[in-house]
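Have a look at the structure below, then the notes.
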Amino acid sequence: MKVLVAKEKRAGEKRVALVPDVVSKLTRAGLEVAIESGAGIASGAPDAAYVSAGATIVSDVKSALASADVIVSVQPLTPVEIATIKSGAITISFLAPSTFGENIAAAEKASVTALALELVPRISRAQSMDALTSQALCAGYRAALVAAELSPRFFPLLMTAAGTVTPANVLVLGAGVAGLQAIATARRLGAVVSAYDVRPSSADEVKSMGATFIDLQLESLEGAGGYAREMTEERAAKQRELLTPHIAKSHVLITTAAVPGRIAPRLVTAEMYSQMAEGSVIVDLAAESGGNVEGSVAGEIITTKNGVIIWGGKDVPSQLPFHASSLFARNVVNLLLLMTTEGVVKPNFEDEIIDSATVTYAGARHTSKGAKA
């Protein structure tokens, strides 16, 4: 069976679904691997590296799509691309099922089996396939670097002959994978870091990173799958009130609260950050999904009237395409090999991981066995 790596078409997307290092894992499993010419260049993987690893390079994309048994990509294929895929073929990518309805409809019409990496369950056995987590790791690291670059302050404490340089105060909202990585990176840069999460269970993880956990004495919003539950407006207003003094004394604010397929919760209002000092920096990693911060715009840097700099994240993992692609490729390979037996890729819906991740199958929406009726 042939696995095709499609070149990413979305503007700003620099990742690639498979890197040369993982090709041999698939060929040893009896699969053929083809790469659309130029697919890996932006992530540091030229065509020659794929050929050396045992893959073939294809230039006629339409024919390659029509003959492939499995197509892997980072972003979802377009409806036009899906229409060219043969019946029964499998696609693996981020799919955003709740957003790209036309892609789902196209997959149903073409009788394509579409797997969404966002839907891989957060269970121990699926950790090596969890692309949301691997890419959040990249985003959190990048967020701290962006904040340090935009800030007019040093992050670390420095003792110099000219006097002492006091460290920057960094506040991170959201202590999931991205938040914890932002905390760890800011700490390595020498900042004094504090963090808040609606899940009190995050406190130990925050402290293990050397940061201070802010306890607002509010009820827990621990949800399924490690994500936070949605909060009422009354709860949100109280949280904003209690967070305001912590935000006011911070030199850097990094927000990371997001739930796949939903609008990001609004954590910070303009009134709240108006109390930050001039030159303070806000990094909003959730800007693409509505933003945690009022006024943030995905892909833009805005300076407010009182001199606060707001960076809206867009395609953040793609800003580290080499390692983001490397991690993503391993997630994809592990998922693909889970479905492969003696060179044949076939979804087994008795497996919770495959069952949960499948969106369409045999010309219809797939209903997970774990879903509620």
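As shown in the structure tokens, the chain order sets the letters A, B, ...; within each chain, residues go from 1, and ligands are also counted from 1 in the order they appear.
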Compile the contact shell of Thr256 (chain A) as an mmCIF file with N, CA, C and O atoms, in the first residue's frame: residues with an atom at most 12 Å away, counting only C-alpha atoms, same-chain residues fewer than 6 positions apart removed.
data_model
loop_
_atom_site.group_PDB
_atom_site.id
_atom_site.type_symbol
_atom_site.label_atom_id
_atom_site.label_comp_id
_atom_site.auth_asym_id
_atom_site.auth_seq_id
_atom_site.Cartn_x
_atom_site.Cartn_y
_atom_site.Cartn_z
ATOM 1 N N ALA A 136 1.621 21.540 20.973
ATOM 2 C CA ALA A 136 1.482 22.499 22.071
ATOM 3 C C ALA A 136 2.818 22.725 22.764
ATOM 4 O O ALA A 136 3.115 23.828 23.237
ATOM 5 N N LEU A 137 3.626 21.677 22.847
ATOM 6 C CA LEU A 137 4.964 21.795 23.413
ATOM 7 C C LEU A 137 5.777 22.831 22.635
ATOM 8 O O LEU A 137 6.427 23.704 23.224
ATOM 9 N N ALA A 139 4.571 25.248 20.749
ATOM 10 C CA ALA A 139 3.951 26.559 20.901
ATOM 11 C C ALA A 139 4.333 27.216 22.225
ATOM 12 O O ALA A 139 4.607 28.419 22.287
ATOM 13 N N GLY A 140 4.356 26.432 23.303
ATOM 14 C CA GLY A 140 4.711 26.985 24.600
ATOM 15 C C GLY A 140 6.144 27.476 24.647
ATOM 16 O O GLY A 140 6.444 28.546 25.202
ATOM 17 N N TYR A 141 7.040 26.706 24.058
ATOM 18 C CA TYR A 141 8.447 27.109 23.985
ATOM 19 C C TYR A 141 8.587 28.406 23.198
ATOM 20 O O TYR A 141 9.254 29.359 23.612
ATOM 21 N N ARG A 142 7.932 28.461 22.044
ATOM 22 C CA ARG A 142 8.003 29.647 21.186
ATOM 23 C C ARG A 142 7.422 30.877 21.885
ATOM 24 O O ARG A 142 7.943 31.992 21.746
ATOM 25 N N ALA A 143 6.370 30.685 22.659
ATOM 26 C CA ALA A 143 5.717 31.807 23.344
ATOM 27 C C ALA A 143 6.685 32.519 24.286
ATOM 28 O O ALA A 143 6.735 33.757 24.333
ATOM 29 N N ALA A 144 7.455 31.753 25.039
ATOM 30 C CA ALA A 144 8.407 32.364 25.975
ATOM 31 C C ALA A 144 9.512 33.094 25.232
ATOM 32 O O ALA A 144 9.956 34.177 25.657
ATOM 33 N N LEU A 171 3.848 35.964 34.056
ATOM 34 C CA LEU A 171 2.641 35.277 34.487
ATOM 35 C C LEU A 171 2.103 34.458 33.329
ATOM 36 O O LEU A 171 1.924 34.971 32.218
ATOM 37 N N VAL A 172 1.852 33.173 33.563
ATOM 38 C CA VAL A 172 1.310 32.278 32.541
ATOM 39 C C VAL A 172 -0.093 31.853 32.955
ATOM 40 O O VAL A 172 -0.291 31.343 34.058
ATOM 41 N N LEU A 173 -1.053 32.059 32.081
ATOM 42 C CA LEU A 173 -2.433 31.634 32.336
ATOM 43 C C LEU A 173 -2.704 30.380 31.516
ATOM 44 O O LEU A 173 -2.623 30.388 30.288
ATOM 45 N N GLY A 174 -3.013 29.292 32.215
ATOM 46 C CA GLY A 174 -3.213 28.000 31.573
ATOM 47 C C GLY A 174 -1.983 27.145 31.772
ATOM 48 O O GLY A 174 -0.893 27.493 31.308
ATOM 49 N N ALA A 175 -2.137 26.042 32.487
ATOM 50 C CA ALA A 175 -0.992 25.179 32.794
ATOM 51 C C ALA A 175 -1.145 23.813 32.151
ATOM 52 O O ALA A 175 -0.888 22.774 32.767
ATOM 53 N N GLY A 176 -1.590 23.818 30.911
ATOM 54 C CA GLY A 176 -1.581 22.592 30.124
ATOM 55 C C GLY A 176 -0.178 22.389 29.565
ATOM 56 O O GLY A 176 0.798 22.933 30.077
ATOM 57 N N VAL A 177 -0.070 21.648 28.467
ATOM 58 C CA VAL A 177 1.245 21.363 27.899
ATOM 59 C C VAL A 177 1.943 22.638 27.443
ATOM 60 O O VAL A 177 3.115 22.866 27.751
ATOM 61 N N ALA A 178 1.228 23.502 26.710
ATOM 62 C CA ALA A 178 1.833 24.744 26.232
ATOM 63 C C ALA A 178 2.221 25.645 27.398
ATOM 64 O O ALA A 178 3.306 26.238 27.413
ATOM 65 N N GLY A 179 1.341 25.757 28.367
ATOM 66 C CA GLY A 179 1.617 26.605 29.521
ATOM 67 C C GLY A 179 2.816 26.132 30.315
ATOM 68 O O GLY A 179 3.684 26.927 30.719
ATOM 69 N N LEU A 180 2.896 24.831 30.555
ATOM 70 C CA LEU A 180 4.021 24.288 31.321
ATOM 71 C C LEU A 180 5.339 24.470 30.577
ATOM 72 O O LEU A 180 6.377 24.756 31.188
ATOM 73 N N GLN A 181 5.302 24.331 29.246
ATOM 74 C CA GLN A 181 6.527 24.543 28.478
ATOM 75 C C GLN A 181 6.925 26.015 28.482
ATOM 76 O O GLN A 181 8.116 26.350 28.537
ATOM 77 N N ALA A 182 5.935 26.918 28.429
ATOM 78 C CA ALA A 182 6.230 28.347 28.525
ATOM 79 C C ALA A 182 6.851 28.674 29.884
ATOM 80 O O ALA A 182 7.805 29.462 29.979
ATOM 81 N N ILE A 183 6.314 28.065 30.938
ATOM 82 C CA ILE A 183 6.858 28.258 32.285
ATOM 83 C C ILE A 183 8.307 27.783 32.339
ATOM 84 O O ILE A 183 9.202 28.498 32.811
ATOM 85 N N ALA A 195 1.930 31.210 37.774
ATOM 86 C CA ALA A 195 0.967 30.658 36.822
ATOM 87 C C ALA A 195 -0.368 30.413 37.491
ATOM 88 O O ALA A 195 -0.451 30.211 38.709
ATOM 89 N N TYR A 196 -1.406 30.429 36.657
ATOM 90 C CA TYR A 196 -2.761 30.143 37.148
ATOM 91 C C TYR A 196 -3.445 29.193 36.179
ATOM 92 O O TYR A 196 -3.287 29.277 34.962
ATOM 93 N N ASP A 197 -4.232 28.276 36.732
ATOM 94 C CA ASP A 197 -5.065 27.380 35.934
ATOM 95 C C ASP A 197 -6.339 27.113 36.723
ATOM 96 O O ASP A 197 -6.305 27.083 37.950
ATOM 97 N N ALA A 264 -11.887 30.083 22.167
ATOM 98 C CA ALA A 264 -11.034 30.225 23.353
ATOM 99 C C ALA A 264 -11.720 31.088 24.402
ATOM 100 O O ALA A 264 -12.411 32.063 24.069
ATOM 101 N N PRO A 265 -11.564 30.761 25.674
ATOM 102 C CA PRO A 265 -12.186 31.567 26.730
ATOM 103 C C PRO A 265 -11.520 32.936 26.847
ATOM 104 O O PRO A 265 -10.293 33.054 26.714
ATOM 105 N N ARG A 266 -12.312 33.961 27.076
ATOM 106 C CA ARG A 266 -11.772 35.311 27.251
ATOM 107 C C ARG A 266 -11.332 35.472 28.709
ATOM 108 O O ARG A 266 -12.145 35.543 29.611
ATOM 109 N N LEU A 267 -10.027 35.495 28.913
ATOM 110 C CA LEU A 267 -9.467 35.561 30.259
ATOM 111 C C LEU A 267 -9.067 36.968 30.676
ATOM 112 O O LEU A 267 -9.090 37.297 31.864
ATOM 113 N N VAL A 268 -8.670 37.782 29.698
ATOM 114 C CA VAL A 268 -8.092 39.089 30.012
ATOM 115 C C VAL A 268 -8.783 40.168 29.191
ATOM 116 O O VAL A 268 -8.818 40.104 27.961
ATOM 117 N N ILE A 282 2.274 41.000 26.209
ATOM 118 C CA ILE A 282 1.278 39.930 26.305
ATOM 119 C C ILE A 282 1.421 39.035 25.085
ATOM 120 O O ILE A 282 1.445 39.512 23.947
ATOM 121 N N VAL A 283 1.535 37.728 25.309
ATOM 122 C CA VAL A 283 1.577 36.744 24.230
ATOM 123 C C VAL A 283 0.314 35.889 24.340
ATOM 124 O O VAL A 283 0.118 35.200 25.344
ATOM 125 N N ASP A 284 -0.537 35.966 23.325
ATOM 126 C CA ASP A 284 -1.806 35.231 23.330
ATOM 127 C C ASP A 284 -1.714 34.067 22.355
ATOM 128 O O ASP A 284 -1.850 34.238 21.144
ATOM 129 N N LEU A 285 -1.475 32.876 22.883
ATOM 130 C CA LEU A 285 -1.359 31.693 22.031
ATOM 131 C C LEU A 285 -2.699 31.247 21.464
ATOM 132 O O LEU A 285 -2.740 30.444 20.538
ATOM 133 N N ALA A 286 -3.787 31.750 22.027
ATOM 134 C CA ALA A 286 -5.122 31.326 21.573
ATOM 135 C C ALA A 286 -5.743 32.313 20.591
ATOM 136 O O ALA A 286 -6.941 32.240 20.308
ATOM 137 N N ALA A 287 -4.941 33.215 20.049
ATOM 138 C CA ALA A 287 -5.493 34.265 19.187
ATOM 139 C C ALA A 287 -6.227 33.707 17.972
ATOM 140 O O ALA A 287 -7.227 34.274 17.526
ATOM 141 N N GLU A 288 -5.777 32.582 17.416
ATOM 142 C CA GLU A 288 -6.421 32.027 16.218
ATOM 143 C C GLU A 288 -7.810 31.479 16.499
ATOM 144 O O GLU A 288 -8.630 31.377 15.589
ATOM 145 N N SER A 289 -8.077 31.111 17.747
ATOM 146 C CA SER A 289 -9.389 30.539 18.071
ATOM 147 C C SER A 289 -10.242 31.514 18.885
ATOM 148 O O SER A 289 -11.067 31.104 19.688
ATOM 149 N N GLY A 290 -10.059 32.801 18.661
ATOM 150 C CA GLY A 290 -10.878 33.812 19.316
ATOM 151 C C GLY A 290 -10.141 34.644 20.333
ATOM 152 O O GLY A 290 -10.543 35.759 20.634
ATOM 153 N N GLY A 291 -9.057 34.103 20.890
ATOM 154 C CA GLY A 291 -8.201 34.880 21.780
ATOM 155 C C GLY A 291 -8.593 34.834 23.244
ATOM 156 O O GLY A 291 -9.762 34.961 23.601
ATOM 157 N N ASN A 292 -7.592 34.638 24.097
ATOM 158 C CA ASN A 292 -7.789 34.776 25.543
ATOM 159 C C ASN A 292 -7.775 36.233 25.968
ATOM 160 O O ASN A 292 -8.230 36.572 27.057
ATOM 161 N N VAL A 293 -7.219 37.080 25.096
ATOM 162 C CA VAL A 293 -6.983 38.484 25.447
ATOM 163 C C VAL A 293 -7.785 39.397 24.532
ATOM 164 O O VAL A 293 -7.706 39.283 23.295
ATOM 165 N N GLY A 312 -0.304 38.353 18.920
ATOM 166 C CA GLY A 312 -1.325 37.331 18.674
ATOM 167 C C GLY A 312 -0.732 36.155 17.919
ATOM 168 O O GLY A 312 -0.216 36.312 16.807
ATOM 169 N N GLY A 313 -0.766 34.972 18.510
ATOM 170 C CA GLY A 313 -0.161 33.798 17.896
ATOM 171 C C GLY A 313 -0.900 33.330 16.659
ATOM 172 O O GLY A 313 -2.127 33.322 16.612
ATOM 173 N N VAL A 316 1.818 29.015 15.254
ATOM 174 C CA VAL A 316 2.967 29.088 16.163
ATOM 175 C C VAL A 316 3.888 27.867 16.061
ATOM 176 O O VAL A 316 5.109 28.036 15.925
#
Those in region 37-130 of chain A with helix (DSSP H, G or I) from DSSP, as a PyMOL selection string: chain A and resi 41-43+47-53+61-67+79-83+101-109+117-119+124-129
Of the listed residues A:Gly12, A:Leu4, A:Leu31, A:Ala49, that which approaches Ile85 (chain A) most closely, counting only C-alpha atoms: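 Of A:Gly12, A:Leu4, A:Leu31, A:Ala49, the one nearest Ile85 (chain A) is A:Leu4, counting only C-alpha atoms.
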Shortest interatomic distance to Leu95 (chain A) - which of A:Glu118, A:Glu108, A:Asp130, A:Glu278, counting only C-alpha atoms: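 Answer, going by the shortest atom-to-atom distance: A:Glu118.
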Contacts of region 328-333 of chain A within 8 Å, only C-alpha atoms, excl. fewer than 5 positions in-chain, as a PyMOL selection string: chain A and resi 16-19+22+25-26+72+92+128-131+134-135
Need to verify the contact set: Ile354 (chain A), 8 Å, only C-alpha atoms, exclusion of same-chain residues closer than 6 positions in sequence. Can you return it as an mmCIF file with N, CA and C atoms, in the first residue's frame?
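Result saved to result-v7.cif:
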data_model
loop_
_atom_site.group_PDB
_atom_site.id
_atom_site.type_symbol
_atom_site.label_atom_id
_atom_site.label_comp_id
_atom_site.auth_asym_id
_atom_site.auth_seq_id
_atom_site.Cartn_x
_atom_site.Cartn_y
_atom_site.Cartn_z
ATOM 1 N N LEU A 115 -9.246 10.481 9.360
ATOM 2 C CA LEU A 115 -8.895 10.458 10.782
ATOM 3 C C LEU A 115 -8.418 11.850 11.196
ATOM 4 N N VAL A 120 -7.604 12.033 18.776
ATOM 5 C CA VAL A 120 -6.890 10.935 19.433
ATOM 6 C C VAL A 120 -7.107 11.081 20.943
ATOM 7 N N MET A 339 -2.542 0.757 12.659
ATOM 8 C CA MET A 339 -3.545 0.225 11.719
ATOM 9 C C MET A 339 -2.943 -0.705 10.678
ATOM 10 N N PRO A 347 -8.358 0.284 9.289
ATOM 11 C CA PRO A 347 -8.827 0.728 10.611
ATOM 12 C C PRO A 347 -9.532 -0.397 11.359
ATOM 13 N N ASN A 348 -9.202 -0.534 12.619
ATOM 14 C CA ASN A 348 -9.860 -1.509 13.494
ATOM 15 C C ASN A 348 -10.630 -0.725 14.551
#
Spatial neighbours of Ile302 (chain A), max dist 12 Å, only C-alpha atoms, sep filter under 3 positions, as a PyMOL selection string: chain A and resi 150+279-284+293-299+305-313
Let's have the selection written as an mmCIF file, in the first residue's frame, with N, CA, C and O atoms.
data_model
loop_
_atom_site.group_PDB
_atom_site.id
_atom_site.type_symbol
_atom_site.label_atom_id
_atom_site.label_comp_id
_atom_site.auth_asym_id
_atom_site.auth_seq_id
_atom_site.Cartn_x
_atom_site.Cartn_y
_atom_site.Cartn_z
ATOM 1 N N LEU A 150 10.380 40.464 22.624
ATOM 2 C CA LEU A 150 9.616 41.713 22.560
ATOM 3 C C LEU A 150 9.794 42.582 23.805
ATOM 4 O O LEU A 150 9.627 43.802 23.741
ATOM 5 N N GLY A 279 5.468 49.068 28.145
ATOM 6 C CA GLY A 279 6.525 48.150 27.734
ATOM 7 C C GLY A 279 6.258 46.704 28.121
ATOM 8 O O GLY A 279 7.022 45.811 27.734
ATOM 9 N N SER A 280 5.193 46.474 28.879
ATOM 10 C CA SER A 280 4.832 45.101 29.229
ATOM 11 C C SER A 280 4.397 44.350 27.964
ATOM 12 O O SER A 280 3.928 44.948 26.991
ATOM 13 N N VAL A 281 4.548 43.039 27.993
ATOM 14 C CA VAL A 281 4.273 42.208 26.815
ATOM 15 C C VAL A 281 3.216 41.168 27.136
ATOM 16 O O VAL A 281 3.254 40.531 28.197
ATOM 17 N N ILE A 282 2.274 41.000 26.209
ATOM 18 C CA ILE A 282 1.278 39.930 26.305
ATOM 19 C C ILE A 282 1.421 39.035 25.085
ATOM 20 O O ILE A 282 1.445 39.512 23.947
ATOM 21 N N VAL A 283 1.535 37.728 25.309
ATOM 22 C CA VAL A 283 1.577 36.744 24.230
ATOM 23 C C VAL A 283 0.314 35.889 24.340
ATOM 24 O O VAL A 283 0.118 35.200 25.344
ATOM 25 N N ASP A 284 -0.537 35.966 23.325
ATOM 26 C CA ASP A 284 -1.806 35.231 23.330
ATOM 27 C C ASP A 284 -1.714 34.067 22.355
ATOM 28 O O ASP A 284 -1.850 34.238 21.144
ATOM 29 N N VAL A 293 -7.219 37.080 25.096
ATOM 30 C CA VAL A 293 -6.983 38.484 25.447
ATOM 31 C C VAL A 293 -7.785 39.397 24.532
ATOM 32 O O VAL A 293 -7.706 39.283 23.295
ATOM 33 N N GLU A 294 -8.540 40.296 25.118
ATOM 34 C CA GLU A 294 -9.313 41.252 24.335
ATOM 35 C C GLU A 294 -8.377 42.108 23.477
ATOM 36 O O GLU A 294 -7.384 42.644 23.957
ATOM 37 N N GLY A 295 -8.691 42.184 22.182
ATOM 38 C CA GLY A 295 -7.893 43.024 21.290
ATOM 39 C C GLY A 295 -6.769 42.313 20.582
ATOM 40 O O GLY A 295 -6.158 42.877 19.662
ATOM 41 N N SER A 296 -6.455 41.081 20.950
ATOM 42 C CA SER A 296 -5.377 40.374 20.255
ATOM 43 C C SER A 296 -5.843 39.964 18.862
ATOM 44 O O SER A 296 -7.017 39.651 18.649
ATOM 45 N N VAL A 297 -4.912 39.993 17.907
ATOM 46 C CA VAL A 297 -5.219 39.629 16.529
ATOM 47 C C VAL A 297 -4.190 38.601 16.069
ATOM 48 O O VAL A 297 -2.985 38.837 16.173
ATOM 49 N N ALA A 298 -4.659 37.473 15.577
ATOM 50 C CA ALA A 298 -3.754 36.406 15.149
ATOM 51 C C ALA A 298 -2.792 36.903 14.081
ATOM 52 O O ALA A 298 -3.208 37.489 13.078
ATOM 53 N N GLY A 299 -1.514 36.706 14.311
ATOM 54 C CA GLY A 299 -0.504 37.092 13.336
ATOM 55 C C GLY A 299 -0.084 38.540 13.386
ATOM 56 O O GLY A 299 0.690 38.986 12.532
ATOM 57 N N LYS A 305 -2.723 51.902 23.805
ATOM 58 C CA LYS A 305 -2.512 53.319 24.132
ATOM 59 C C LYS A 305 -1.575 53.516 25.320
ATOM 60 O O LYS A 305 -0.856 54.509 25.399
ATOM 61 N N ASN A 306 -1.603 52.583 26.254
ATOM 62 C CA ASN A 306 -0.731 52.711 27.421
ATOM 63 C C ASN A 306 0.591 51.958 27.252
ATOM 64 O O ASN A 306 1.326 51.744 28.205
ATOM 65 N N GLY A 307 0.891 51.563 25.990
ATOM 66 C CA GLY A 307 2.213 51.018 25.699
ATOM 67 C C GLY A 307 2.392 49.541 25.960
ATOM 68 O O GLY A 307 3.528 49.050 26.005
ATOM 69 N N VAL A 308 1.300 48.784 26.118
ATOM 70 C CA VAL A 308 1.405 47.338 26.290
ATOM 71 C C VAL A 308 1.442 46.684 24.908
ATOM 72 O O VAL A 308 0.642 47.010 24.033
ATOM 73 N N ILE A 309 2.394 45.787 24.721
ATOM 74 C CA ILE A 309 2.577 45.106 23.435
ATOM 75 C C ILE A 309 1.826 43.775 23.467
ATOM 76 O O ILE A 309 2.065 42.934 24.346
ATOM 77 N N ILE A 310 0.923 43.548 22.494
ATOM 78 C CA ILE A 310 0.146 42.308 22.425
ATOM 79 C C ILE A 310 0.503 41.554 21.153
ATOM 80 O O ILE A 310 0.338 42.063 20.046
ATOM 81 N N TRP A 311 1.024 40.343 21.336
ATOM 82 C CA TRP A 311 1.401 39.471 20.208
ATOM 83 C C TRP A 311 0.350 38.383 20.076
ATOM 84 O O TRP A 311 0.148 37.590 20.986
ATOM 85 N N GLY A 312 -0.304 38.353 18.920
ATOM 86 C CA GLY A 312 -1.325 37.331 18.674
ATOM 87 C C GLY A 312 -0.732 36.155 17.919
ATOM 88 O O GLY A 312 -0.216 36.312 16.807
ATOM 89 N N GLY A 313 -0.766 34.972 18.510
ATOM 90 C CA GLY A 313 -0.161 33.798 17.896
ATOM 91 C C GLY A 313 -0.900 33.330 16.659
ATOM 92 O O GLY A 313 -2.127 33.322 16.612
#
Residue among A:Val61, A:Ala211, A:Ala357, A:Val344 lying closest to Ala116 (chain A), counting only C-alpha atoms: A:Ala357
Nearest to Ile254 (chain A) by atom-to-atom distance, counting only C-alpha atoms, from A:Thr166, A:Ala270, A:Gly38, A:Leu145: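 Checking each candidate against Ile254 (chain A), we get A:Leu145 as the closest.
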Best match for closeness to Asp47 (chain A) among A:Leu253, A:Ile90, A:Val5, A:Ala11, counting only C-alpha atoms: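 Distance minimum relative to Asp47 (chain A) lands on A:Val5.
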Atomic separation - CA of Thr269 (chain A) relative to CA of Val192 (chain A), Å: 23.4 Å
Within 12 Å of Ala96 (chain A) using only C-alpha atoms, minus same-chain residues under 3 positions, as a list in words: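 Final neighbour list, sorted by chain and number: Val74, Gln75, Pro76, Leu77, Ile92, Ser93, Thr99, Phe100, Gly101, Glu102, Asn103, Ile104, Ala114, Leu115, Ala116, Leu117, Glu118, Leu119, Leu132, Val259, Pro260, Gly261, Arg262, Ser289, Ala357 and Val359 of chain A.
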Would you put the residues from that selection into a file with N, CA, C and O atoms, as a short mmCIF file (atom, residue, chain, number, x, y, z; two decimals), in the first residue's frame?
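Listed below is the output, out31.cif:
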data_model
loop_
_atom_site.label_atom_id
_atom_site.label_comp_id
_atom_site.auth_asym_id
_atom_site.auth_seq_id
_atom_site.Cartn_x
_atom_site.Cartn_y
_atom_site.Cartn_z
N VAL A 74 -0.43 17.80 7.48
CA VAL A 74 -0.61 18.51 8.75
C VAL A 74 -1.99 19.15 8.77
O VAL A 74 -2.83 18.84 9.61
N GLN A 75 -2.23 20.04 7.82
CA GLN A 75 -3.55 20.67 7.67
C GLN A 75 -4.45 19.77 6.82
O GLN A 75 -3.96 18.94 6.06
N PRO A 76 -5.76 19.91 6.96
CA PRO A 76 -6.66 19.05 6.18
C PRO A 76 -6.54 19.31 4.69
O PRO A 76 -6.25 20.42 4.25
N LEU A 77 -6.71 18.26 3.91
CA LEU A 77 -6.77 18.42 2.46
C LEU A 77 -7.98 19.28 2.10
O LEU A 77 -8.98 19.31 2.82
N ILE A 92 -5.02 11.18 7.08
CA ILE A 92 -4.64 11.44 8.47
C ILE A 92 -4.09 12.86 8.55
O ILE A 92 -3.13 13.19 7.85
N SER A 93 -4.70 13.70 9.38
CA SER A 93 -4.27 15.10 9.51
C SER A 93 -5.00 15.72 10.68
O SER A 93 -5.90 15.12 11.27
N THR A 99 -15.10 22.81 12.48
CA THR A 99 -14.90 24.05 11.72
C THR A 99 -14.98 23.83 10.22
O THR A 99 -15.61 24.62 9.51
N PHE A 100 -14.35 22.77 9.74
CA PHE A 100 -14.28 22.54 8.30
C PHE A 100 -15.31 21.51 7.85
O PHE A 100 -14.98 20.40 7.45
N GLY A 101 -16.57 21.90 7.94
CA GLY A 101 -17.65 21.01 7.56
C GLY A 101 -17.60 20.59 6.11
O GLY A 101 -17.99 19.46 5.76
N GLU A 102 -17.10 21.48 5.23
CA GLU A 102 -17.04 21.15 3.80
C GLU A 102 -16.04 20.02 3.54
O GLU A 102 -16.23 19.22 2.62
N ASN A 103 -14.99 19.95 4.35
CA ASN A 103 -14.03 18.87 4.20
C ASN A 103 -14.66 17.52 4.57
O ASN A 103 -14.43 16.50 3.92
N ILE A 104 -15.45 17.55 5.64
CA ILE A 104 -16.13 16.32 6.08
C ILE A 104 -17.12 15.87 5.01
O ILE A 104 -17.19 14.67 4.68
N ALA A 114 -11.51 9.38 6.97
CA ALA A 114 -10.74 10.52 7.46
C ALA A 114 -10.51 10.42 8.96
O ALA A 114 -11.46 10.27 9.74
N LEU A 115 -9.25 10.48 9.36
CA LEU A 115 -8.90 10.46 10.78
C LEU A 115 -8.42 11.85 11.20
O LEU A 115 -7.61 12.47 10.49
N ALA A 116 -8.94 12.33 12.32
CA ALA A 116 -8.58 13.66 12.84
C ALA A 116 -7.65 13.50 14.04
O ALA A 116 -8.02 12.88 15.04
N LEU A 117 -6.46 14.05 13.94
CA LEU A 117 -5.49 13.90 15.02
C LEU A 117 -5.95 14.59 16.30
O LEU A 117 -5.53 14.21 17.39
N GLU A 118 -6.83 15.60 16.19
CA GLU A 118 -7.35 16.25 17.38
C GLU A 118 -8.16 15.31 18.26
O GLU A 118 -8.34 15.56 19.45
N LEU A 119 -8.69 14.25 17.63
CA LEU A 119 -9.61 13.36 18.33
C LEU A 119 -8.92 12.13 18.93
O LEU A 119 -9.60 11.29 19.53
N LEU A 132 -1.69 16.89 19.22
CA LEU A 132 -2.05 18.13 19.92
C LEU A 132 -1.02 18.46 20.99
O LEU A 132 -0.59 19.60 21.14
N VAL A 259 -9.35 25.00 24.00
CA VAL A 259 -9.92 23.66 23.90
C VAL A 259 -10.19 23.41 22.42
O VAL A 259 -10.87 24.21 21.78
N PRO A 260 -9.66 22.34 21.83
CA PRO A 260 -9.85 22.08 20.39
C PRO A 260 -11.32 22.10 19.99
O PRO A 260 -12.17 21.52 20.65
N GLY A 261 -11.59 22.82 18.90
CA GLY A 261 -12.94 22.86 18.37
C GLY A 261 -13.87 23.86 19.03
O GLY A 261 -15.04 23.93 18.68
N ARG A 262 -13.37 24.62 19.99
CA ARG A 262 -14.21 25.61 20.67
C ARG A 262 -13.55 26.99 20.64
O ARG A 262 -12.35 27.11 20.44
N SER A 289 -8.08 31.11 17.75
CA SER A 289 -9.39 30.54 18.07
C SER A 289 -10.24 31.51 18.88
O SER A 289 -11.07 31.10 19.69
N ALA A 357 -10.64 8.53 16.76
CA ALA A 357 -10.04 9.48 15.82
C ALA A 357 -10.72 9.51 14.46
O ALA A 357 -10.56 10.46 13.70
N VAL A 359 -13.40 10.12 11.68
CA VAL A 359 -14.52 11.06 11.48
C VAL A 359 -15.46 10.56 10.39
O VAL A 359 -16.68 10.64 10.54
#
Contact residues around Gly44 (chain A) with only C-alpha atoms at 10 Å, ignoring same-chain residues under 5 positions, as a list in words: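 Answer for this query is Lys14, Arg15, Val16, Val19, Ala39, Ala49, Pro321, Phe322, His323 and Ser325 of chain A.
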Can you write out the residues you just picked, keeping N, CA, C and O atoms, as a compact mmCIF listing (two decimals), in the first residue's frame?
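Saved the output as out.txt:
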# COMPACT_ATOMS: atom_id res chain seq x y z
N LYS A 14 4.56 25.67 7.57
CA LYS A 14 5.91 25.26 7.17
C LYS A 14 6.23 23.81 7.56
O LYS A 14 7.31 23.31 7.25
N ARG A 15 5.31 23.17 8.26
CA ARG A 15 5.59 21.80 8.69
C ARG A 15 5.34 20.81 7.56
O ARG A 15 4.73 21.14 6.54
N VAL A 16 5.80 19.59 7.78
CA VAL A 16 5.54 18.50 6.85
C VAL A 16 5.11 17.29 7.69
O VAL A 16 5.55 17.13 8.83
N VAL A 19 8.93 13.19 8.14
CA VAL A 19 10.32 13.61 7.90
C VAL A 19 11.11 12.37 7.47
O VAL A 19 10.69 11.23 7.70
N ALA A 39 7.80 19.08 -0.47
CA ALA A 39 6.95 19.09 0.73
C ALA A 39 7.73 19.39 2.00
O ALA A 39 7.20 19.99 2.93
N ALA A 49 16.87 13.99 0.70
CA ALA A 49 16.91 13.29 1.99
C ALA A 49 15.84 12.20 2.05
O ALA A 49 16.06 11.12 2.63
N PRO A 321 9.61 24.85 12.51
CA PRO A 321 9.18 23.76 11.63
C PRO A 321 10.03 22.50 11.70
O PRO A 321 9.51 21.41 11.48
N PHE A 322 11.31 22.62 12.03
CA PHE A 322 12.16 21.43 12.05
C PHE A 322 11.70 20.45 13.12
O PHE A 322 11.36 19.30 12.84
N HIS A 323 11.67 20.89 14.38
CA HIS A 323 11.30 19.97 15.46
C HIS A 323 9.79 19.74 15.53
O HIS A 323 9.35 18.66 15.93
N SER A 325 7.85 19.42 12.98
CA SER A 325 7.61 18.37 11.98
C SER A 325 8.11 17.02 12.46
O SER A 325 7.47 15.99 12.25
